[in-house]
Amino acid sequence: MGLFLTFEGIEGCGKTTQIRLLADGLRQQGHDVIETREPGGCDIADQIRAVLLDARNNRMISTAELLLYAAARAQHVAEVIQPALDAGKTVLCDRFCDATLAYQGFGRGLDINRIIDLNTYACQGVIPDKTLLLDLPVEIGLGRARQRNGQQAGPNEDRFEQESLDFHQRIRQAYLDLATQEPERFITIDAGGDPQQVAQRIATAMAVTVLP
Ligand code: TMP
């Protein structure tokens, strides 16, 4: 069985950059690594992602949103994550079940127990070995995310970035609470500073808690 690592945090916390840097480092150490993300990670889930994040879909009700995230996850786990873990690979995943608890549960106010049930159903027993929470003040994260989106051409993926500051504060706090509730699984990393500094913090934390 391979190693399953997930990355979580508010918008603009730097997950994508850190996953790339960690994947490069792990490959140099001989690990067989795949990088993937949610929502998405395979063709069908990428199609669901496009619907979920399209800023024009602001009429979508929270329940529909939750079910689409769960549907994308079920496909991604079955098609990509489970086979990779069975093949002994190290899977680095940009967001996973905790994002649904934070965003749809604490952000949108949907029932937490129902979300836990849906996550369990979608994941079929696949649970992250470790979850790296990249923590950052909301103002800094959103500033970075807006700068990035302003630079990006193509489909508009900023439906969540249009939410209020208060919404994003709730997401940050939800992640910190989840980390407190599951200290064995979560590693909280200070995501402030430049990417190399953050990468160094992650490498240090991984060396003592995860890698042989
Ligand atoms: P990303 O910006 O990290 O690619 O994530 C896409 C957006 O999807 C982000 O705003 C968080 C949101 N999201 C949820 O609301 N629930 C989920 O379960 C997942 C995986 C992501």
# chains A, B, ... in the order shown; residues from 1 in each chain; ligands from 1
>>> select_by_dssp(residues="segment 77-187 of chain A", states="helix (DSSP H, G or I)", output="ChimeraX atom specification")
/A:77-86,97-107,112-123,138-151,165-181
>>> write_last_selection(atoms="C-alpha atoms", output="PDB file, in the first residue's frame")
ATOM      1  CA  VAL A  77     -10.903   7.677  -5.633  1.00  0.00           C
ATOM      2  CA  ALA A  78     -12.022   4.690  -7.718  1.00  0.00           C
ATOM      3  CA  GLU A  79     -10.223   5.667 -10.907  1.00  0.00           C
ATOM      4  CA  VAL A  80      -7.002   7.273  -9.648  1.00  0.00           C
ATOM      5  CA  ILE A  81      -6.274   7.224  -5.911  1.00  0.00           C
ATOM      6  CA  GLN A  82      -7.119   3.650  -4.943  1.00  0.00           C
ATOM      7  CA  PRO A  83      -5.286   2.088  -7.940  1.00  0.00           C
ATOM      8  CA  ALA A  84      -2.202   4.268  -7.295  1.00  0.00           C
ATOM      9  CA  LEU A  85      -2.109   3.303  -3.605  1.00  0.00           C
ATOM     10  CA  ASP A  86      -2.602  -0.371  -4.518  1.00  0.00           C
ATOM     11  CA  CYS A  97     -12.637  15.203   2.358  1.00  0.00           C
ATOM     12  CA  ASP A  98     -11.624  17.890   4.860  1.00  0.00           C
ATOM     13  CA  ALA A  99     -12.359  20.545   2.220  1.00  0.00           C
ATOM     14  CA  THR A 100     -15.985  19.392   2.092  1.00  0.00           C
ATOM     15  CA  LEU A 101     -16.258  19.566   5.870  1.00  0.00           C
ATOM     16  CA  ALA A 102     -14.698  23.042   5.912  1.00  0.00           C
ATOM     17  CA  TYR A 103     -16.439  24.597   2.877  1.00  0.00           C
ATOM     18  CA  GLN A 104     -19.817  22.861   2.665  1.00  0.00           C
ATOM     19  CA  GLY A 105     -20.089  22.164   6.401  1.00  0.00           C
ATOM     20  CA  PHE A 106     -18.679  25.198   8.195  1.00  0.00           C
ATOM     21  CA  GLY A 107     -18.812  27.557   5.201  1.00  0.00           C
ATOM     22  CA  ILE A 112     -21.700  17.789   9.356  1.00  0.00           C
ATOM     23  CA  ASN A 113     -22.803  14.200  10.031  1.00  0.00           C
ATOM     24  CA  ARG A 114     -24.383  13.956   6.605  1.00  0.00           C
ATOM     25  CA  ILE A 115     -21.126  15.189   5.039  1.00  0.00           C
ATOM     26  CA  ILE A 116     -19.121  12.635   7.013  1.00  0.00           C
ATOM     27  CA  ASP A 117     -21.464   9.880   5.738  1.00  0.00           C
ATOM     28  CA  LEU A 118     -21.169  11.087   2.142  1.00  0.00           C
ATOM     29  CA  ASN A 119     -17.379  11.303   2.380  1.00  0.00           C
ATOM     30  CA  THR A 120     -17.249   7.771   3.757  1.00  0.00           C
ATOM     31  CA  TYR A 121     -19.494   6.526   0.957  1.00  0.00           C
ATOM     32  CA  ALA A 122     -17.438   8.281  -1.740  1.00  0.00           C
ATOM     33  CA  CYS A 123     -14.061   7.157  -0.391  1.00  0.00           C
ATOM     34  CA  VAL A 138      -7.326  35.096   5.140  1.00  0.00           C
ATOM     35  CA  GLU A 139      -6.392  38.589   3.920  1.00  0.00           C
ATOM     36  CA  ILE A 140      -3.008  37.365   2.685  1.00  0.00           C
ATOM     37  CA  GLY A 141      -4.396  34.211   1.052  1.00  0.00           C
ATOM     38  CA  LEU A 142      -7.196  36.005  -0.781  1.00  0.00           C
ATOM     39  CA  GLY A 143      -4.794  38.712  -1.936  1.00  0.00           C
ATOM     40  CA  ARG A 144      -2.555  36.049  -3.475  1.00  0.00           C
ATOM     41  CA  ALA A 145      -5.514  34.193  -5.015  1.00  0.00           C
ATOM     42  CA  ARG A 146      -6.950  37.348  -6.595  1.00  0.00           C
ATOM     43  CA  GLN A 147      -3.580  38.259  -8.053  1.00  0.00           C
ATOM     44  CA  ARG A 148      -3.275  34.753  -9.510  1.00  0.00           C
ATOM     45  CA  ASN A 149      -6.798  34.779 -10.989  1.00  0.00           C
ATOM     46  CA  GLY A 150      -6.227  38.205 -12.479  1.00  0.00           C
ATOM     47  CA  GLN A 151      -3.214  36.806 -14.303  1.00  0.00           C
ATOM     48  CA  LEU A 165     -14.235  37.648   4.147  1.00  0.00           C
ATOM     49  CA  ASP A 166     -16.357  36.167   6.937  1.00  0.00           C
ATOM     50  CA  PHE A 167     -16.961  32.994   4.850  1.00  0.00           C
ATOM     51  CA  HIS A 168     -13.206  32.514   4.398  1.00  0.00           C
ATOM     52  CA  GLN A 169     -12.547  33.209   8.094  1.00  0.00           C
ATOM     53  CA  ARG A 170     -14.964  30.378   8.925  1.00  0.00           C
ATOM     54  CA  ILE A 171     -13.097  28.072   6.524  1.00  0.00           C
ATOM     55  CA  ARG A 172      -9.748  28.879   8.109  1.00  0.00           C
ATOM     56  CA  GLN A 173     -11.120  28.318  11.614  1.00  0.00           C
ATOM     57  CA  ALA A 174     -12.821  25.083  10.536  1.00  0.00           C
ATOM     58  CA  TYR A 175      -9.510  23.714   9.238  1.00  0.00           C
ATOM     59  CA  LEU A 176      -7.724  24.680  12.466  1.00  0.00           C
ATOM     60  CA  ASP A 177     -10.465  22.969  14.500  1.00  0.00           C
ATOM     61  CA  LEU A 178     -10.291  19.809  12.363  1.00  0.00           C
ATOM     62  CA  ALA A 179      -6.508  19.751  12.904  1.00  0.00           C
ATOM     63  CA  THR A 180      -6.998  20.024  16.666  1.00  0.00           C
ATOM     64  CA  GLN A 181      -9.539  17.183  16.610  1.00  0.00           C
TER      65      GLN A 181
END
>>> select_by_dssp(residues="segment 16-148 of chain A", states="strand (DSSP E)", output="count of residues only")
16
>>> residues_around(residues="Thr17 of chain A", least_positions_apart="3", cutoff="12 Å", atoms="only C-alpha atoms", output="list in words")
Phe7, Gly12, Cys13, Gly14, Arg20, Leu21, Leu22, Ala23, Asp24, Glu35, Asp94, Leu134, Ala191, Asp194, Pro195, Gln196, Val198 and Ala199 of chain A
>>> closest_residue(among="A:Ser62, A:Gln29, A:Gln200, A:Asn57", to="ligand 1", atoms="only C-alpha atoms and all ligand atoms")
A:Ser62
>>> atom_distance(atom1="atom 15 (O, counted along the ligand's line) of ligand 1", atom2="atom CA of Pro183 of chain A")
22.6 Å
>>> decode(residues="segment 44-190 of chain A", atoms="C-alpha atoms", output="PDB file, in the first residue's frame")
ATOM      1  CA  ILE A  44     -15.174  12.836 -15.360  1.00  0.00           C
ATOM      2  CA  ALA A  45     -14.262  14.663 -12.140  1.00  0.00           C
ATOM      3  CA  ASP A  46     -12.645  17.470 -14.159  1.00  0.00           C
ATOM      4  CA  GLN A  47     -15.945  17.939 -15.973  1.00  0.00           C
ATOM      5  CA  ILE A  48     -17.720  18.173 -12.601  1.00  0.00           C
ATOM      6  CA  ARG A  49     -15.046  20.672 -11.456  1.00  0.00           C
ATOM      7  CA  ALA A  50     -15.836  22.944 -14.392  1.00  0.00           C
ATOM      8  CA  VAL A  51     -19.512  23.046 -13.335  1.00  0.00           C
ATOM      9  CA  LEU A  52     -18.701  23.563  -9.646  1.00  0.00           C
ATOM     10  CA  LEU A  53     -16.262  26.421 -10.064  1.00  0.00           C
ATOM     11  CA  ASP A  54     -17.880  28.308 -12.931  1.00  0.00           C
ATOM     12  CA  ALA A  55     -18.679  31.786 -11.584  1.00  0.00           C
ATOM     13  CA  ARG A  56     -21.844  31.826 -13.747  1.00  0.00           C
ATOM     14  CA  ASN A  57     -23.306  28.996 -11.645  1.00  0.00           C
ATOM     15  CA  ASN A  58     -23.984  31.184  -8.628  1.00  0.00           C
ATOM     16  CA  ARG A  59     -27.599  29.890  -8.467  1.00  0.00           C
ATOM     17  CA  MET A  60     -26.359  26.421  -7.452  1.00  0.00           C
ATOM     18  CA  ILE A  61     -27.904  25.373  -4.157  1.00  0.00           C
ATOM     19  CA  SER A  62     -25.604  24.093  -1.394  1.00  0.00           C
ATOM     20  CA  THR A  63     -27.039  20.567  -1.485  1.00  0.00           C
ATOM     21  CA  ALA A  64     -26.367  20.228  -5.216  1.00  0.00           C
ATOM     22  CA  GLU A  65     -22.851  21.560  -4.624  1.00  0.00           C
ATOM     23  CA  LEU A  66     -22.207  18.990  -1.878  1.00  0.00           C
ATOM     24  CA  LEU A  67     -23.446  16.094  -4.009  1.00  0.00           C
ATOM     25  CA  LEU A  68     -21.318  17.157  -6.965  1.00  0.00           C
ATOM     26  CA  TYR A  69     -18.179  17.292  -4.783  1.00  0.00           C
ATOM     27  CA  ALA A  70     -19.033  13.815  -3.483  1.00  0.00           C
ATOM     28  CA  ALA A  71     -19.646  12.494  -7.004  1.00  0.00           C
ATOM     29  CA  ALA A  72     -16.330  13.892  -8.257  1.00  0.00           C
ATOM     30  CA  ARG A  73     -14.564  12.339  -5.242  1.00  0.00           C
ATOM     31  CA  ALA A  74     -16.115   8.899  -5.734  1.00  0.00           C
ATOM     32  CA  GLN A  75     -14.893   8.800  -9.342  1.00  0.00           C
ATOM     33  CA  HIS A  76     -11.448  10.160  -8.461  1.00  0.00           C
ATOM     34  CA  VAL A  77     -10.903   7.677  -5.633  1.00  0.00           C
ATOM     35  CA  ALA A  78     -12.022   4.690  -7.718  1.00  0.00           C
ATOM     36  CA  GLU A  79     -10.223   5.667 -10.907  1.00  0.00           C
ATOM     37  CA  VAL A  80      -7.002   7.273  -9.648  1.00  0.00           C
ATOM     38  CA  ILE A  81      -6.274   7.224  -5.911  1.00  0.00           C
ATOM     39  CA  GLN A  82      -7.119   3.650  -4.943  1.00  0.00           C
ATOM     40  CA  PRO A  83      -5.286   2.088  -7.940  1.00  0.00           C
ATOM     41  CA  ALA A  84      -2.202   4.268  -7.295  1.00  0.00           C
ATOM     42  CA  LEU A  85      -2.109   3.303  -3.605  1.00  0.00           C
ATOM     43  CA  ASP A  86      -2.602  -0.371  -4.518  1.00  0.00           C
ATOM     44  CA  ALA A  87       0.415  -0.039  -6.827  1.00  0.00           C
ATOM     45  CA  GLY A  88       2.512   1.299  -3.907  1.00  0.00           C
ATOM     46  CA  LYS A  89       2.704   4.879  -5.151  1.00  0.00           C
ATOM     47  CA  THR A  90       2.837   8.049  -3.066  1.00  0.00           C
ATOM     48  CA  VAL A  91      -0.261  10.127  -3.797  1.00  0.00           C
ATOM     49  CA  LEU A  92      -0.181  13.896  -3.189  1.00  0.00           C
ATOM     50  CA  CYS A  93      -3.713  15.274  -3.407  1.00  0.00           C
ATOM     51  CA  ASP A  94      -4.616  18.970  -3.475  1.00  0.00           C
ATOM     52  CA  ARG A  95      -7.726  18.989  -1.205  1.00  0.00           C
ATOM     53  CA  PHE A  96      -9.847  16.016  -0.151  1.00  0.00           C
ATOM     54  CA  CYS A  97     -12.637  15.203   2.358  1.00  0.00           C
ATOM     55  CA  ASP A  98     -11.624  17.890   4.860  1.00  0.00           C
ATOM     56  CA  ALA A  99     -12.359  20.545   2.220  1.00  0.00           C
ATOM     57  CA  THR A 100     -15.985  19.392   2.092  1.00  0.00           C
ATOM     58  CA  LEU A 101     -16.258  19.566   5.870  1.00  0.00           C
ATOM     59  CA  ALA A 102     -14.698  23.042   5.912  1.00  0.00           C
ATOM     60  CA  TYR A 103     -16.439  24.597   2.877  1.00  0.00           C
ATOM     61  CA  GLN A 104     -19.817  22.861   2.665  1.00  0.00           C
ATOM     62  CA  GLY A 105     -20.089  22.164   6.401  1.00  0.00           C
ATOM     63  CA  PHE A 106     -18.679  25.198   8.195  1.00  0.00           C
ATOM     64  CA  GLY A 107     -18.812  27.557   5.201  1.00  0.00           C
ATOM     65  CA  ARG A 108     -22.280  26.750   3.822  1.00  0.00           C
ATOM     66  CA  GLY A 109     -23.725  25.430   7.078  1.00  0.00           C
ATOM     67  CA  LEU A 110     -24.722  21.959   5.829  1.00  0.00           C
ATOM     68  CA  ASP A 111     -25.118  19.097   8.298  1.00  0.00           C
ATOM     69  CA  ILE A 112     -21.700  17.789   9.356  1.00  0.00           C
ATOM     70  CA  ASN A 113     -22.803  14.200  10.031  1.00  0.00           C
ATOM     71  CA  ARG A 114     -24.383  13.956   6.605  1.00  0.00           C
ATOM     72  CA  ILE A 115     -21.126  15.189   5.039  1.00  0.00           C
ATOM     73  CA  ILE A 116     -19.121  12.635   7.013  1.00  0.00           C
ATOM     74  CA  ASP A 117     -21.464   9.880   5.738  1.00  0.00           C
ATOM     75  CA  LEU A 118     -21.169  11.087   2.142  1.00  0.00           C
ATOM     76  CA  ASN A 119     -17.379  11.303   2.380  1.00  0.00           C
ATOM     77  CA  THR A 120     -17.249   7.771   3.757  1.00  0.00           C
ATOM     78  CA  TYR A 121     -19.494   6.526   0.957  1.00  0.00           C
ATOM     79  CA  ALA A 122     -17.438   8.281  -1.740  1.00  0.00           C
ATOM     80  CA  CYS A 123     -14.061   7.157  -0.391  1.00  0.00           C
ATOM     81  CA  GLN A 124     -14.789   3.462   0.150  1.00  0.00           C
ATOM     82  CA  GLY A 125     -12.275   3.190   2.977  1.00  0.00           C
ATOM     83  CA  VAL A 126      -9.531   5.392   1.507  1.00  0.00           C
ATOM     84  CA  ILE A 127      -8.262   7.742   4.250  1.00  0.00           C
ATOM     85  CA  PRO A 128      -5.237  10.077   4.090  1.00  0.00           C
ATOM     86  CA  ASP A 129      -2.181   8.922   6.046  1.00  0.00           C
ATOM     87  CA  LYS A 130      -1.319  12.565   6.708  1.00  0.00           C
ATOM     88  CA  THR A 131      -2.980  15.880   5.922  1.00  0.00           C
ATOM     89  CA  LEU A 132      -0.836  18.997   5.620  1.00  0.00           C
ATOM     90  CA  LEU A 133      -2.784  22.105   6.549  1.00  0.00           C
ATOM     91  CA  LEU A 134      -1.118  25.201   5.081  1.00  0.00           C
ATOM     92  CA  ASP A 135      -2.331  27.910   7.416  1.00  0.00           C
ATOM     93  CA  LEU A 136      -2.348  31.599   6.529  1.00  0.00           C
ATOM     94  CA  PRO A 137      -4.330  34.730   7.463  1.00  0.00           C
ATOM     95  CA  VAL A 138      -7.326  35.096   5.140  1.00  0.00           C
ATOM     96  CA  GLU A 139      -6.392  38.589   3.920  1.00  0.00           C
ATOM     97  CA  ILE A 140      -3.008  37.365   2.685  1.00  0.00           C
ATOM     98  CA  GLY A 141      -4.396  34.211   1.052  1.00  0.00           C
ATOM     99  CA  LEU A 142      -7.196  36.005  -0.781  1.00  0.00           C
ATOM    100  CA  GLY A 143      -4.794  38.712  -1.936  1.00  0.00           C
ATOM    101  CA  ARG A 144      -2.555  36.049  -3.475  1.00  0.00           C
ATOM    102  CA  ALA A 145      -5.514  34.193  -5.015  1.00  0.00           C
ATOM    103  CA  ARG A 146      -6.950  37.348  -6.595  1.00  0.00           C
ATOM    104  CA  GLN A 147      -3.580  38.259  -8.053  1.00  0.00           C
ATOM    105  CA  ARG A 148      -3.275  34.753  -9.510  1.00  0.00           C
ATOM    106  CA  ASN A 149      -6.798  34.779 -10.989  1.00  0.00           C
ATOM    107  CA  GLY A 150      -6.227  38.205 -12.479  1.00  0.00           C
ATOM    108  CA  GLN A 151      -3.214  36.806 -14.303  1.00  0.00           C
ATOM    109  CA  GLN A 152      -4.964  33.667 -15.548  1.00  0.00           C
ATOM    110  CA  ALA A 153      -6.688  33.472 -18.894  1.00  0.00           C
ATOM    111  CA  GLY A 154      -9.377  30.899 -19.610  1.00  0.00           C
ATOM    112  CA  PRO A 155     -12.426  29.706 -17.673  1.00  0.00           C
ATOM    113  CA  ASN A 156     -13.265  31.706 -14.603  1.00  0.00           C
ATOM    114  CA  GLU A 157     -12.660  29.607 -11.470  1.00  0.00           C
ATOM    115  CA  ASP A 158     -13.320  32.204  -8.830  1.00  0.00           C
ATOM    116  CA  ARG A 159     -16.788  31.273  -7.537  1.00  0.00           C
ATOM    117  CA  PHE A 160     -15.455  30.752  -4.018  1.00  0.00           C
ATOM    118  CA  GLU A 161     -13.135  33.740  -4.101  1.00  0.00           C
ATOM    119  CA  GLN A 162     -16.209  35.935  -4.522  1.00  0.00           C
ATOM    120  CA  GLU A 163     -17.452  34.862  -1.081  1.00  0.00           C
ATOM    121  CA  SER A 164     -17.234  37.280   1.867  1.00  0.00           C
ATOM    122  CA  LEU A 165     -14.235  37.648   4.147  1.00  0.00           C
ATOM    123  CA  ASP A 166     -16.357  36.167   6.937  1.00  0.00           C
ATOM    124  CA  PHE A 167     -16.961  32.994   4.850  1.00  0.00           C
ATOM    125  CA  HIS A 168     -13.206  32.514   4.398  1.00  0.00           C
ATOM    126  CA  GLN A 169     -12.547  33.209   8.094  1.00  0.00           C
ATOM    127  CA  ARG A 170     -14.964  30.378   8.925  1.00  0.00           C
ATOM    128  CA  ILE A 171     -13.097  28.072   6.524  1.00  0.00           C
ATOM    129  CA  ARG A 172      -9.748  28.879   8.109  1.00  0.00           C
ATOM    130  CA  GLN A 173     -11.120  28.318  11.614  1.00  0.00           C
ATOM    131  CA  ALA A 174     -12.821  25.083  10.536  1.00  0.00           C
ATOM    132  CA  TYR A 175      -9.510  23.714   9.238  1.00  0.00           C
ATOM    133  CA  LEU A 176      -7.724  24.680  12.466  1.00  0.00           C
ATOM    134  CA  ASP A 177     -10.465  22.969  14.500  1.00  0.00           C
ATOM    135  CA  LEU A 178     -10.291  19.809  12.363  1.00  0.00           C
ATOM    136  CA  ALA A 179      -6.508  19.751  12.904  1.00  0.00           C
ATOM    137  CA  THR A 180      -6.998  20.024  16.666  1.00  0.00           C
ATOM    138  CA  GLN A 181      -9.539  17.183  16.610  1.00  0.00           C
ATOM    139  CA  GLU A 182      -7.228  14.837  14.679  1.00  0.00           C
ATOM    140  CA  PRO A 183      -3.667  15.674  15.759  1.00  0.00           C
ATOM    141  CA  GLU A 184      -2.348  12.286  14.594  1.00  0.00           C
ATOM    142  CA  ARG A 185      -3.339  12.888  10.989  1.00  0.00           C
ATOM    143  CA  PHE A 186      -2.935  16.663  10.601  1.00  0.00           C
ATOM    144  CA  ILE A 187       0.350  18.547  10.297  1.00  0.00           C
ATOM    145  CA  THR A 188      -0.241  22.304  10.459  1.00  0.00           C
ATOM    146  CA  ILE A 189       2.333  24.359   8.566  1.00  0.00           C
ATOM    147  CA  ASP A 190       2.805  28.137   8.738  1.00  0.00           C
TER     148      ASP A 190
END
